[in-house]
Amino acid sequence: MQISKFGGASVKDADSVCNLLKIVEQLDRPHVVVVSAMGKTTNALEALAESYFSEKPDEMKERFQLVKSYHEEIAGNLFGRLDVPDLIPFYDCLQSLECRLDQMPSMHFDYEYDQIVSYGELLSTLIISAYLNHSGVQNTWVDIRQVLKTDDIYRAANVNWDLTSRLMHETFAFEGPGLYLTQGFLGGTISNISTTLGREGSDYTAAIIGNVMDAGKVTVWKDVPGILNADPRIFTDAQKIDALSYAETIELSYYGAQVIHPKTLKPLQNKKIPLFVKSFLNPLEQGTIISGENPSHLPPIYILKRNQVFLTLSPRDYSFITENYLGRILSLFGQYRVGINLLQTSALNFTACVDNREELKSLLENFMETMVVRYNENVDLLTIRHYTQDVIEEKLNGYTVIDSQITRKNARFVISEAS
């Protein structure tokens with residue numbers, strides 16, 4: 001069997017869904033198709049969850065209507081009208097979300113976030129499954145929350161692999177048309193409460209299914225020709241990489257490349273399942289293959305993380321940054337869910353580059369009680385993997401380097417635009 005995953009950009013409007021239909025028609029069977037929320041729906045539902053949790057009813061109703069109208073427009077363009085029996089499950093789902101918003105929120109935002117944001121994938125797949133069946137591509141819609149079981153760590157749920165494996169083998173039995181359509185990003189607790197696997201987690205869903213079901217391959221369909229050595233929106237000289245190893249791709253994800261969800265590779269590597277990254281705009285092109293084989297040569301790879309905060313922590317009592325002291329610092333970063341993108345230590349200083357997130361303010365207030373805290377906002381973190389000195393000089397032209405870290409394969413720079 002095989003797995004295909006389609007992201008939000010591949011189903012952002014009716015024309016995109018029609019394009020998905022053409023691709024799915026050509027897929028080998030048996031096949032499981034994993035689909036994300038349509039377009040920027042997750043962002044819209046995040047805003048809706050904020051309004052709901054903050055108890056702003058007028059704002060909440062307006063944001064719900066935007067989500068509803070967006071999906072109705074796509075469904076209407078696909079079917080020609082909205083009052084068709086195929087769309088009854090879609091409208092039932094919309095009504096369920098509306099009823100959810102009529103309830104009083106709990107005290108826990110992460111819980112409410114998962115209950116509301118999960119509707120994006122449900123609405124998307126209900127429309128697409130109905131349209132595929134309507135177009136003669138018979139498929140079975142699966143609620144992944146009933147199959148992919150997790151703990152109750154909302155917004156970052158962990159998979160219950162044993163239970164998930166049993167339920168997936170029961171569900172994906174391929175006794176019907178040989179094609180299942182389900183959601184990415186979502187899971188469910190043993191008591192059937194919705195959870196999410198972390199932002200951009202649909203790739204991870206496809207890898208989980210692939211691992212459990214011993215898939216022959218997993219394909220991720222994107223709006224790029226494959227994995228590029230740089231973001232083409234930032235670097236005009238970006239080029240496609242034909243092949244990568246699991247290890248190399250994990251390194252790229254770790255440093256912030258927006259290619260594959262960081263958790264995706266481990267389930268595939270454990271079963272030696274190849275991952276293909278292909279263009280849904282040009283499905284016949286080769287794309288990029290990720291496997292256990294190491295390519296003989298790779299070009300320099302550029303990863304730029306914007307809107308970073310570069311901070312330095314120094315103990316007020318001049319305590320050395322020993323292993324124990326470092327452990328306490330890192331524990332607080334984990335407690336506040338602030339990820340570290342670059343880290344360096346000296347005898348009296350701990351320096352780190354982190355995403356500028358809301359949680360960072362509370363973390364820094366905690367540190368200020370016992371440490372001197374200095375930081376630079378609005379900086380960028382540039383990683384050059386497989387660097388050369390000429391490449392470093394070229395990419396740093398026009399920037400001020402605040403800090404750097406160079407190892408055998410990676411050159412990393414905290415930078416700001418030169419004044």
# chains A, B, ... in the order shown; residues from 1 in each chain; ligands from 1
>>> select_by_dssp(residues="segment 141-363 of chain A", states="helix (DSSP H, G or I)", output="VMD selection string")
chain A and resid 144 to 146 161 to 171 202 to 212 246 to 254 265 to 270 323 to 335 358 to 363
>>> residues_around(residues="Tyr111 of chain A", least_positions_apart="6", cutoff="8 Å", atoms="only C-alpha atoms", output="MDAnalysis selection string")
chainID A and resid 154:155 195
>>> closest_residue(among="A:Val159, A:Leu197, A:Val24, A:Cys93", to="Gly120 of chain A", atoms="only C-alpha atoms")
A:Cys93
>>> closest_residue(among="A:Gln146, A:Ser106, A:Thr370, A:Thr351", to="Ser165 of chain A", atoms="only C-alpha atoms")
A:Gln146
>>> atom_distance(atom1="atom CA of Tyr246 of chain A", atom2="atom CA of Ile290 of chain A")
6.0 Å
>>> residues_around(residues="Ser118 of chain A", least_positions_apart="2", cutoff="10 Å", atoms="only C-alpha atoms", output="list in words")
Ala37, Thr42, Leu45, Glu46, Leu97, Tyr113, Asp114, Gln115, Ile116, Gly120, Glu121, Leu122, Leu123, Arg145, Gln183, Gly184, Phe185, Leu186, Gly187, Ser194, Thr195 and Thr196 of chain A
>>> closest_residue(among="A:Gly292, A:Gly339, A:Gly176, A:Pro300", to="Asn410 of chain A", atoms="only C-alpha atoms")
A:Pro300
>>> residues_around(residues="Ala49 of chain A", least_positions_apart="4", cutoff="10 Å", atoms="only C-alpha atoms", output="CSV table (one decimal) with C-alpha atoms, in the first residue's frame")
chain,number,residue,atom,x,y,z
A,43,ASN,CA,-5.0,30.3,10.9
A,44,ALA,CA,-8.6,31.3,10.7
A,45,LEU,CA,-9.7,28.7,13.2
A,53,PHE,CA,-11.7,31.6,24.7
A,54,SER,CA,-11.6,35.4,25.3
A,55,GLU,CA,-15.5,35.4,25.2
A,60,MET,CA,-16.3,35.0,17.3
A,63,ARG,CA,-14.8,34.7,12.3
A,64,PHE,CA,-17.0,31.6,12.3
A,101,LEU,CA,-19.0,27.8,20.1
A,105,PRO,CA,-15.1,27.8,27.3
A,109,PHE,CA,-6.8,27.3,26.1
A,110,ASP,CA,-4.8,24.5,24.7
A,112,GLU,CA,-10.1,24.5,23.5
A,113,TYR,CA,-7.6,25.1,20.7
A,114,ASP,CA,-7.6,21.5,19.8
A,115,GLN,CA,-11.4,21.1,19.9
A,116,ILE,CA,-11.9,24.1,17.5
A,117,VAL,CA,-8.9,23.9,15.2
>>> residues_around(residues="segment 399-401 of chain A", least_positions_apart="2", cutoff="6 Å", atoms="only C-alpha atoms", output="ChimeraX atom specification")
/A:396-397,403,414-418
>>> closest_residue(among="A:Phe174, A:Thr249, A:Tyr375, A:Ile303", to="Ala411 of chain A", atoms="only C-alpha atoms")
A:Ile303
>>> residues_around(residues="segment 270-281 of chain A", least_positions_apart="6", cutoff="7 Å", atoms="only C-alpha atoms", output="list of chain:residue names")
A:Ser10, A:Asn211, A:Ala215, A:Gly216, A:Lys217, A:Val218, A:Thr219, A:Val220, A:Trp221, A:Lys222, A:Asp223, A:Val224, A:Pro225, A:Gly226, A:Ile227, A:Gly287, A:Thr288, A:Ile289, A:Ile290, A:Ser291, A:Gly292
>>> residues_around(residues="Ile23 of chain A", least_positions_apart="4", cutoff="9 Å", atoms="only C-alpha atoms", output="PyMOL selection string")
chain A and resi 18-19+27+280+283
>>> write_last_selection(atoms="N, CA and C atoms", output="JSON list (two decimals), in the first residue's frame")
[["chain", "number", "residue", "atom", "x", "y", "z"],
["A", 18, "CYS", "N", -10.06, 20.03, -7.79],
["A", 18, "CYS", "CA", -10.17, 19.33, -9.09],
["A", 18, "CYS", "C", -8.82, 18.78, -9.52],
["A", 19, "ASN", "N", -7.76, 19.52, -9.24],
["A", 19, "ASN", "CA", -6.42, 19.04, -9.55],
["A", 19, "ASN", "C", -6.06, 17.83, -8.70],
["A", 27, "LEU", "N", -3.36, 7.41, -8.81],
["A", 27, "LEU", "CA", -2.61, 6.77, -7.74],
["A", 27, "LEU", "C", -2.81, 5.26, -7.76],
["A", 280, "PHE", "N", 2.34, 19.09, -6.71],
["A", 280, "PHE", "CA", 0.97, 18.81, -7.17],
["A", 280, "PHE", "C", 0.63, 19.63, -8.41],
["A", 283, "PRO", "N", 2.69, 16.88, -11.42],
["A", 283, "PRO", "CA", 2.79, 15.58, -10.76],
["A", 283, "PRO", "C", 3.66, 14.55, -11.48]]
>>> select_by_dssp(residues="segment 224-380 of chain A", states="strand (DSSP E or B)", output="count of residues only")
53
>>> closest_residue(among="A:Asn376, A:Thr41, A:Ser296, A:Ser135", to="Asp86 of chain A", atoms="only C-alpha atoms")
A:Ser135
>>> closest_residue(among="A:Pro30, A:Asn229, A:Leu298, A:Tyr52", to="Glu175 of chain A", atoms="only C-alpha atoms")
A:Pro30
>>> decode(residues="segment 13-33 of chain A", atoms="C-alpha atoms", output="mmCIF file, in the first residue's frame")
data_model
loop_
_atom_site.group_PDB
_atom_site.id
_atom_site.type_symbol
_atom_site.label_atom_id
_atom_site.label_comp_id
_atom_site.auth_asym_id
_atom_site.auth_seq_id
_atom_site.Cartn_x
_atom_site.Cartn_y
_atom_site.Cartn_z
ATOM 1 C CA ASP A 13 -10.002 26.378 -3.748
ATOM 2 C CA ALA A 14 -12.249 24.424 -6.103
ATOM 3 C CA ASP A 15 -9.699 24.368 -8.927
ATOM 4 C CA SER A 16 -7.115 22.916 -6.542
ATOM 5 C CA VAL A 17 -9.504 20.183 -5.426
ATOM 6 C CA CYS A 18 -10.168 19.334 -9.085
ATOM 7 C CA ASN A 19 -6.417 19.041 -9.554
ATOM 8 C CA LEU A 20 -6.230 16.722 -6.541
ATOM 9 C CA LEU A 21 -8.934 14.581 -8.140
ATOM 10 C CA LYS A 22 -6.804 14.168 -11.282
ATOM 11 C CA ILE A 23 -3.798 13.092 -9.205
ATOM 12 C CA VAL A 24 -5.796 10.682 -7.040
ATOM 13 C CA GLU A 25 -7.306 9.061 -10.130
ATOM 14 C CA GLN A 26 -3.766 8.034 -11.148
ATOM 15 C CA LEU A 27 -2.611 6.768 -7.741
ATOM 16 C CA ASP A 28 -1.851 3.095 -7.290
ATOM 17 C CA ARG A 29 -4.195 1.094 -5.085
ATOM 18 C CA PRO A 30 -4.391 0.326 -2.213
ATOM 19 C CA HIS A 31 -3.858 3.888 -1.019
ATOM 20 C CA VAL A 32 -4.509 6.140 1.991
ATOM 21 C CA VAL A 33 -4.835 9.845 1.179
#
